[in-house]
Amino acid sequence: MSYYLSTIAVYFGADLLAAWALNMQFGWAGVPNFAFIIFQAAGAYTYAAVTLGPDSGVNSFQHYILGANLPFPLPLLVAALAGGVVSLVVGLITLRRLRRDYQAAVFLLAAVIAIDVVSADVNLFNGSNGLAAVPQPVASLQNSLGLGAYQWVYAAFVALICVGALVLVRSLGRSGWQRALRAARDDEPGARALGLNPSILRLQVFVIGGMIAGLSGGLLVGFISAWSPGAWAYSETFAVLTGIILGGVSNDWGVLIGTFLIQIAFQEVTALFLPQIGYPGLTDALVWVVIGVLWLTVLFVRPRGILPEKRFRVLAVPRTRIWRGGR
Amino acid sequence: MTLPATAHDVPRRAGGAVLEARDVRVRYGGVEAVAGASLTIEAPQVVGLIGPNGAGKSSLLAAIGGQVRTVSGTVLLAGEDVTRLPPHRRARLGIIRTFQSASVFDGLTVFENLLVAGIGEHGATLRAALLERRRAHARTEAASQLARSVLEEFELWHIADHYGRELSGGQRRLVEIARCLMRDPKLLLLDEPMVGVAPHLVERIGEHCKRICERGVAIVIVEHSMEVISSICDRVVVMASAQVIDDGSFDVVMTSGSVREAYLA
């Protein structure tokens, strides 16, 4: 049970990082980033490739680019960087000129194209088989502590990163930069007419979100030691989005609750306890159907989620506090 | 409460009018919306831009504000050529505008709507959010005080915490105009600000326009109501068929017959 709980804790931490990152892009900036999962995948693959060493010798059973053997925690930084670089490229193509509905279409296509390319090109990241035997960080610790304790240490490390990310997200969330993003989200011509440059603002939040996604991918693959196209189908982005919408768009704690309910309480628990019915894969498919229905239900019944975005108040607080944020 | 002094009195280049739009042409596909229109505003004044629907008024405004690209012609702000600048760069130089459909940020409160304009592009950078937090805080504090002053002057302070989406049509107009003031404009472009606004608010918006102009801000207002034009405009420019056909005081323009000609053409 302890093994299972620590595994769930790590998954939750990685999912939470992803959800906060997507919430910055979608909630603050209104970017319909249906390609989000490819930035997490970029981080995961890069982490694997820079820790596995060359694809020869013990690793000759798989093929991949980069092939380095960087010491921890450098692979995590490189993973974040990879997420940022890929999101910069995708963002430069998508965010500058396209209208939001076209952006959504391009993101969706980018996610589909990316997974097809990675699956088809065996020399990139070992094709559809993916990468395996990825070394876990500080393996010596695993030998001295044992697997169970090591997993909890890893979970604690992920939790620490989540706290750091929360501090960053909340700090940015109170800034003029975030307010400008929300303004550009609501009315782009209006924001431009006030001197703001929505294209740059969106690109910035897109890259920051991509970096956090890359980091979460790195943390995941460092834990599960394997990554393949099966782990990052485009539908995974919709699971993250459903958590955000259920919890409350633009509310950090709401996103935490929604992510827990969807990714852990629903997806993980159903994966463990639901009996497999019908033909193989039917139960998993039905889980996705339920996620879709849940998304629509939330939009109809409680469109602002469990914890709606906090209103910036100046009237209810003493005047001396007004200028300190008023939240 | 009166507004803090604005910085519109930035020294202009020698001989530079507040606005000089020369021979501006705007084309949408095969349609010429503005066919060589010129408009010069030498000193802060309220200029009414009138004409029938399709005359090219909003397109001329958009050409000045940078929302549409001009096919040819020049737009100078205080002597500086801004013709090739995108709208956000023109806004930073002092050309601020409103839109036919009131542009209010619906997901921001009224106070935040003003704050986002008051903090401006310098306070809205990622660098300021991450590395210059003390300076950003000071900027927010100054913008907050100005926002409060503006909201009190516009009698909107009591709805400061309302989201943009919770406002009535008239309130949205007032917030939009109030927000423009946070940017310290040199030239204010108002595109039909009285549309859908209750009569008592029309009067208030008109008074605000006159007061803003007295502070040294030039205003170009597109408006169909002659009553409004006559009460607040120092000068009237008439457009018809994509061209400027008359320019002068309200009385002169009305007696010249150009308005009748424009609307009956």
# chains A, B, ... in the order shown; residues from 1 in each chain; ligands from 1
>>> residues_around(residues="range 254-264 of chain A", least_positions_apart="6", cutoff="7 Å", atoms="only C-alpha atoms", output="mmCIF file with C-alpha atoms, in the first residue's frame")
data_model
loop_
_atom_site.group_PDB
_atom_site.id
_atom_site.type_symbol
_atom_site.label_atom_id
_atom_site.label_comp_id
_atom_site.auth_asym_id
_atom_site.auth_seq_id
_atom_site.Cartn_x
_atom_site.Cartn_y
_atom_site.Cartn_z
ATOM 1 C CA PHE A 12 -0.262 13.772 -8.408
ATOM 2 C CA LEU A 16 -0.387 19.234 -10.550
ATOM 3 C CA ALA A 19 -2.236 21.600 -14.460
ATOM 4 C CA TRP A 20 -0.818 24.835 -13.019
ATOM 5 C CA VAL A 240 -5.632 18.016 -17.442
ATOM 6 C CA GLY A 243 -9.323 19.023 -13.844
ATOM 7 C CA ILE A 244 -8.739 22.754 -14.326
ATOM 8 C CA LEU A 246 -13.778 21.294 -12.600
ATOM 9 C CA GLY A 247 -11.584 22.872 -9.907
ATOM 10 C CA GLY A 248 -11.883 26.447 -11.119
ATOM 11 C CA ILE A 306 -15.572 24.332 -7.525
ATOM 12 C CA LEU A 307 -13.433 27.318 -6.491
#
>>> interface_residues(of="chain A", to="chain B", cutoff="9 Å", atoms="only C-alpha atoms", output="NGL selection string")
:A and (168 or 171-172 or 174-187 or 189-197 or 201 or 204-205 or 311-316 or 322-325)
>>> write_last_selection(atoms="C-alpha atoms", output="PDB file, in the first residue's frame")
ATOM      1  CA  LEU A 168       6.098  31.134  -8.597  1.00  0.00           C
ATOM      2  CA  SER A 171       3.659  35.453  -7.369  1.00  0.00           C
ATOM      3  CA  LEU A 172       3.081  35.795 -11.098  1.00  0.00           C
ATOM      4  CA  ARG A 174      -0.564  38.824  -8.485  1.00  0.00           C
ATOM      5  CA  SER A 175       1.518  40.721 -11.004  1.00  0.00           C
ATOM      6  CA  GLY A 176       0.669  43.359 -13.564  1.00  0.00           C
ATOM      7  CA  TRP A 177       1.898  40.886 -16.156  1.00  0.00           C
ATOM      8  CA  GLN A 178      -0.859  38.409 -15.255  1.00  0.00           C
ATOM      9  CA  ARG A 179      -3.472  41.184 -15.303  1.00  0.00           C
ATOM     10  CA  ALA A 180      -2.273  42.217 -18.751  1.00  0.00           C
ATOM     11  CA  LEU A 181      -2.578  38.590 -19.904  1.00  0.00           C
ATOM     12  CA  ARG A 182      -6.164  38.450 -18.675  1.00  0.00           C
ATOM     13  CA  ALA A 183      -6.922  41.744 -20.384  1.00  0.00           C
ATOM     14  CA  ALA A 184      -5.525  40.447 -23.670  1.00  0.00           C
ATOM     15  CA  ARG A 185      -7.513  37.234 -23.163  1.00  0.00           C
ATOM     16  CA  ASP A 186     -10.767  39.173 -22.796  1.00  0.00           C
ATOM     17  CA  ASP A 187     -10.278  41.701 -25.579  1.00  0.00           C
ATOM     18  CA  PRO A 189      -7.832  44.806 -29.765  1.00  0.00           C
ATOM     19  CA  GLY A 190      -8.726  46.634 -26.563  1.00  0.00           C
ATOM     20  CA  ALA A 191      -5.490  45.528 -24.924  1.00  0.00           C
ATOM     21  CA  ARG A 192      -3.459  46.583 -27.963  1.00  0.00           C
ATOM     22  CA  ALA A 193      -5.184  49.949 -27.949  1.00  0.00           C
ATOM     23  CA  LEU A 194      -3.868  50.451 -24.415  1.00  0.00           C
ATOM     24  CA  GLY A 195      -0.259  49.790 -25.392  1.00  0.00           C
ATOM     25  CA  LEU A 196      -0.031  46.107 -24.489  1.00  0.00           C
ATOM     26  CA  ASN A 197       1.437  43.579 -26.889  1.00  0.00           C
ATOM     27  CA  LEU A 201       2.608  38.307 -23.480  1.00  0.00           C
ATOM     28  CA  GLN A 204       5.961  34.408 -22.627  1.00  0.00           C
ATOM     29  CA  VAL A 205       3.281  32.543 -20.699  1.00  0.00           C
ATOM     30  CA  ARG A 311     -12.331  38.600  -7.440  1.00  0.00           C
ATOM     31  CA  PHE A 312      -9.887  41.478  -6.954  1.00  0.00           C
ATOM     32  CA  ARG A 313     -11.578  43.635  -4.328  1.00  0.00           C
ATOM     33  CA  VAL A 314     -10.793  47.175  -3.333  1.00  0.00           C
ATOM     34  CA  LEU A 315     -14.040  48.260  -1.685  1.00  0.00           C
ATOM     35  CA  ALA A 316     -14.218  45.649   1.052  1.00  0.00           C
ATOM     36  CA  ILE A 322      -5.915  48.688  -1.296  1.00  0.00           C
ATOM     37  CA  TRP A 323      -2.529  49.354  -2.763  1.00  0.00           C
ATOM     38  CA  ARG A 324      -1.072  46.107  -1.443  1.00  0.00           C
ATOM     39  CA  GLY A 325      -3.121  43.966  -3.748  1.00  0.00           C
TER      40      GLY A 325
END
>>> atom_distance(atom1="CA of Val238 in chain B", atom2="CA of Gln100 in chain B")
18.3 Å
>>> residues_around(residues="range 52-62 of chain B", least_positions_apart="6", cutoff="6 Å", atoms="only C-alpha atoms", output="list in words")
Ala33, Val34, Val68, Met239, Ala240, Ser241, Ala242 and Tyr263 of chain B
>>> residues_around(residues="Ser101 in chain B", least_positions_apart="5", cutoff="10 Å", atoms="only C-alpha atoms", output="tab-separated table (two decimals) with N, CA and C atoms, in the first residue's frame")
chain	number	residue	atom	x	y	z
B	169	GLY	N	-24.67	48.82	-20.34
B	169	GLY	CA	-24.06	49.40	-21.53
B	169	GLY	C	-23.45	50.77	-21.26
B	172	ARG	N	-20.34	50.51	-19.13
B	172	ARG	CA	-19.20	50.02	-19.93
B	172	ARG	C	-18.55	51.16	-20.70
B	173	ARG	N	-19.38	52.04	-21.25
B	173	ARG	CA	-18.85	53.20	-21.99
B	173	ARG	C	-18.02	54.08	-21.07
B	191	ASP	N	-14.98	56.26	-30.73
B	191	ASP	CA	-15.82	55.79	-31.84
B	191	ASP	C	-17.24	55.53	-31.33
B	192	GLU	N	-18.13	56.46	-31.63
B	192	GLU	CA	-19.53	56.39	-31.23
B	192	GLU	C	-19.70	56.03	-29.75
B	193	PRO	N	-19.18	56.87	-28.87
B	193	PRO	CA	-19.23	56.53	-27.45
B	193	PRO	C	-20.63	56.63	-26.84
B	195	VAL	N	-23.46	55.39	-28.22
B	195	VAL	CA	-24.39	54.37	-28.71
B	195	VAL	C	-24.87	53.50	-27.54
B	196	GLY	N	-26.18	53.38	-27.44
B	196	GLY	CA	-26.78	52.51	-26.41
B	196	GLY	C	-26.69	53.06	-25.01
>>> select_by_dssp(residues="range 83-150 of chain B", states="helix (DSSP H, G or I)", output="number ranges by chain")
B: 87-93, 110-123, 126-130, 133-150
>>> write_last_selection(atoms="C-alpha atoms", output="PDB file, in the first residue's frame")
ATOM      1  CA  PRO B  87      -1.473  49.952 -32.535  1.00  0.00           C
ATOM      2  CA  HIS B  88       0.236  49.140 -29.232  1.00  0.00           C
ATOM      3  CA  ARG B  89       3.256  51.248 -30.186  1.00  0.00           C
ATOM      4  CA  ARG B  90       0.990  54.160 -31.150  1.00  0.00           C
ATOM      5  CA  ALA B  91      -0.852  53.775 -27.854  1.00  0.00           C
ATOM      6  CA  ARG B  92       2.453  54.041 -25.998  1.00  0.00           C
ATOM      7  CA  LEU B  93       3.093  57.306 -27.830  1.00  0.00           C
ATOM      8  CA  VAL B 110     -13.671  47.843 -13.063  1.00  0.00           C
ATOM      9  CA  PHE B 111     -10.725  48.771 -10.851  1.00  0.00           C
ATOM     10  CA  GLU B 112      -8.504  46.236 -12.591  1.00  0.00           C
ATOM     11  CA  ASN B 113      -9.629  47.551 -15.973  1.00  0.00           C
ATOM     12  CA  LEU B 114      -8.179  50.898 -15.004  1.00  0.00           C
ATOM     13  CA  LEU B 115      -5.173  49.384 -13.272  1.00  0.00           C
ATOM     14  CA  VAL B 116      -4.113  47.396 -16.331  1.00  0.00           C
ATOM     15  CA  ALA B 117      -4.124  50.613 -18.334  1.00  0.00           C
ATOM     16  CA  GLY B 118      -2.441  52.654 -15.605  1.00  0.00           C
ATOM     17  CA  ILE B 119       0.405  50.230 -15.003  1.00  0.00           C
ATOM     18  CA  GLY B 120       1.007  50.181 -18.725  1.00  0.00           C
ATOM     19  CA  GLU B 121       3.471  48.133 -20.703  1.00  0.00           C
ATOM     20  CA  HIS B 122       6.359  48.791 -18.307  1.00  0.00           C
ATOM     21  CA  GLY B 123       4.552  47.313 -15.323  1.00  0.00           C
ATOM     22  CA  LEU B 126       7.555  39.431 -17.136  1.00  0.00           C
ATOM     23  CA  ARG B 127      10.782  41.019 -15.963  1.00  0.00           C
ATOM     24  CA  ALA B 128       8.859  43.351 -13.664  1.00  0.00           C
ATOM     25  CA  ALA B 129       6.824  40.411 -12.337  1.00  0.00           C
ATOM     26  CA  LEU B 130       9.885  38.296 -11.576  1.00  0.00           C
ATOM     27  CA  ARG B 133       8.871  43.447  -7.867  1.00  0.00           C
ATOM     28  CA  ARG B 134       9.545  46.449  -5.659  1.00  0.00           C
ATOM     29  CA  ARG B 135       9.451  48.817  -8.595  1.00  0.00           C
ATOM     30  CA  ALA B 136       6.360  47.058  -9.959  1.00  0.00           C
ATOM     31  CA  HIS B 137       4.699  47.439  -6.569  1.00  0.00           C
ATOM     32  CA  ALA B 138       5.426  51.175  -6.535  1.00  0.00           C
ATOM     33  CA  ARG B 139       4.022  51.495 -10.030  1.00  0.00           C
ATOM     34  CA  THR B 140       0.883  49.589  -9.026  1.00  0.00           C
ATOM     35  CA  GLU B 141       0.462  51.833  -6.007  1.00  0.00           C
ATOM     36  CA  ALA B 142       0.665  54.980  -8.136  1.00  0.00           C
ATOM     37  CA  ALA B 143      -1.708  53.538 -10.730  1.00  0.00           C
ATOM     38  CA  SER B 144      -4.121  52.484  -7.982  1.00  0.00           C
ATOM     39  CA  GLN B 145      -4.310  56.002  -6.622  1.00  0.00           C
ATOM     40  CA  LEU B 146      -4.881  57.429 -10.073  1.00  0.00           C
ATOM     41  CA  ALA B 147      -7.515  54.742 -10.767  1.00  0.00           C
ATOM     42  CA  ARG B 148      -9.377  55.695  -7.629  1.00  0.00           C
ATOM     43  CA  SER B 149      -9.283  59.382  -8.574  1.00  0.00           C
ATOM     44  CA  VAL B 150     -10.553  58.668 -12.068  1.00  0.00           C
TER      45      VAL B 150
END
>>> closest_residue(among="A:Ala233, A:Leu145, A:Ile277, A:Val167", to="Ser119 in chain A", atoms="only C-alpha atoms")
A:Ala233
>>> closest_residue(among="A:Leu22, A:Trp28, A:Glu188, A:Leu166", to="Arg100 in chain A", atoms="only C-alpha atoms")
A:Glu188
>>> atom_distance(atom1="CA of Cys209 in chain B", atom2="CA of Arg84 in chain B")
28.5 Å
>>> residues_around(residues="Ala21 in chain B", least_positions_apart="3", cutoff="12 Å", atoms="only C-alpha atoms", output="ChimeraX atom specification")
/B:16-18,24-25,34,36-42,60-66,70,72-83,244
>>> write_last_selection(atoms="C-alpha atoms", output="compact mmCIF listing (two decimals), in the first residue's frame")
# COMPACT_ATOMS: atom_id res chain seq x y z
CA GLY B 16 4.24 69.46 -35.00
CA ALA B 17 0.47 69.40 -34.73
CA VAL B 18 -1.09 67.02 -32.22
CA VAL B 24 -4.83 58.53 -45.88
CA ARG B 25 -6.19 55.66 -47.94
CA VAL B 34 -10.98 55.95 -46.96
CA GLY B 36 -7.26 60.17 -49.47
CA ALA B 37 -8.66 61.78 -46.31
CA SER B 38 -6.63 64.36 -44.40
CA LEU B 39 -7.18 65.57 -40.86
CA THR B 40 -5.00 67.94 -38.88
CA ILE B 41 -5.49 68.88 -35.24
CA GLU B 42 -3.18 71.75 -34.28
CA LEU B 60 -10.13 56.77 -40.63
CA LEU B 61 -10.10 56.41 -36.85
CA ALA B 62 -8.68 52.90 -37.21
CA ALA B 63 -6.03 54.18 -39.61
CA ILE B 64 -4.98 56.81 -37.08
CA GLY B 65 -5.04 54.29 -34.22
CA GLY B 66 -3.19 51.66 -36.24
CA THR B 70 -3.14 52.29 -44.69
CA SER B 72 -0.93 55.13 -48.59
CA GLY B 73 -0.75 58.37 -46.67
CA THR B 74 1.00 59.49 -43.51
CA VAL B 75 -0.03 59.74 -39.87
CA LEU B 76 2.03 62.06 -37.67
CA LEU B 77 1.60 62.35 -33.93
CA ALA B 78 3.20 65.48 -32.51
CA GLY B 79 5.42 65.59 -35.59
CA GLU B 80 6.48 61.96 -35.29
CA ASP B 81 5.66 59.59 -38.14
CA VAL B 82 3.66 56.69 -36.71
CA THR B 83 2.26 55.40 -40.01
CA VAL B 244 -13.48 64.56 -46.06
>>> residues_around(residues="Ile161 in chain A", least_positions_apart="2", cutoff="10 Å", atoms="only C-alpha atoms", output="list in words")
Gly13, Ala14, Leu17, Ala155, Ala156, Phe157, Val158, Ala159, Val163, Gly164, Ala165, Leu166, Val167, Leu215, Ser216 and Leu219 of chain A
>>> atom_distance(atom1="CA of Trp288 in chain A", atom2="CA of Ala213 in chain A")
21.8 Å
>>> select_by_dssp(residues="range 15-111 of chain B", states="strand (DSSP E)", output="ChimeraX atom specification")
/B:19-28,31-41,46-50,72-77,80-81,95-97
>>> residues_around(residues="Ala79 in chain A", least_positions_apart="3", cutoff="7 Å", atoms="only C-alpha atoms", output="ChimeraX atom specification")
/A:43-44,46-47,75-76,82-83,214-215,218
>>> closest_residue(among="A:Gly292, A:Val31, A:Arg302, A:Glu309", to="Leu98 in chain A", atoms="only C-alpha atoms")
A:Val31
>>> closest_residue(among="A:Leu160, A:Ala105, A:Ala226, A:Val78", to="Asn126 in chain A", atoms="only C-alpha atoms")
A:Ala226
>>> closest_residue(among="A:Ala35, A:Ile212, A:Ala139, A:Ala239", to="Val293 in chain A", atoms="only C-alpha atoms")
A:Ala239
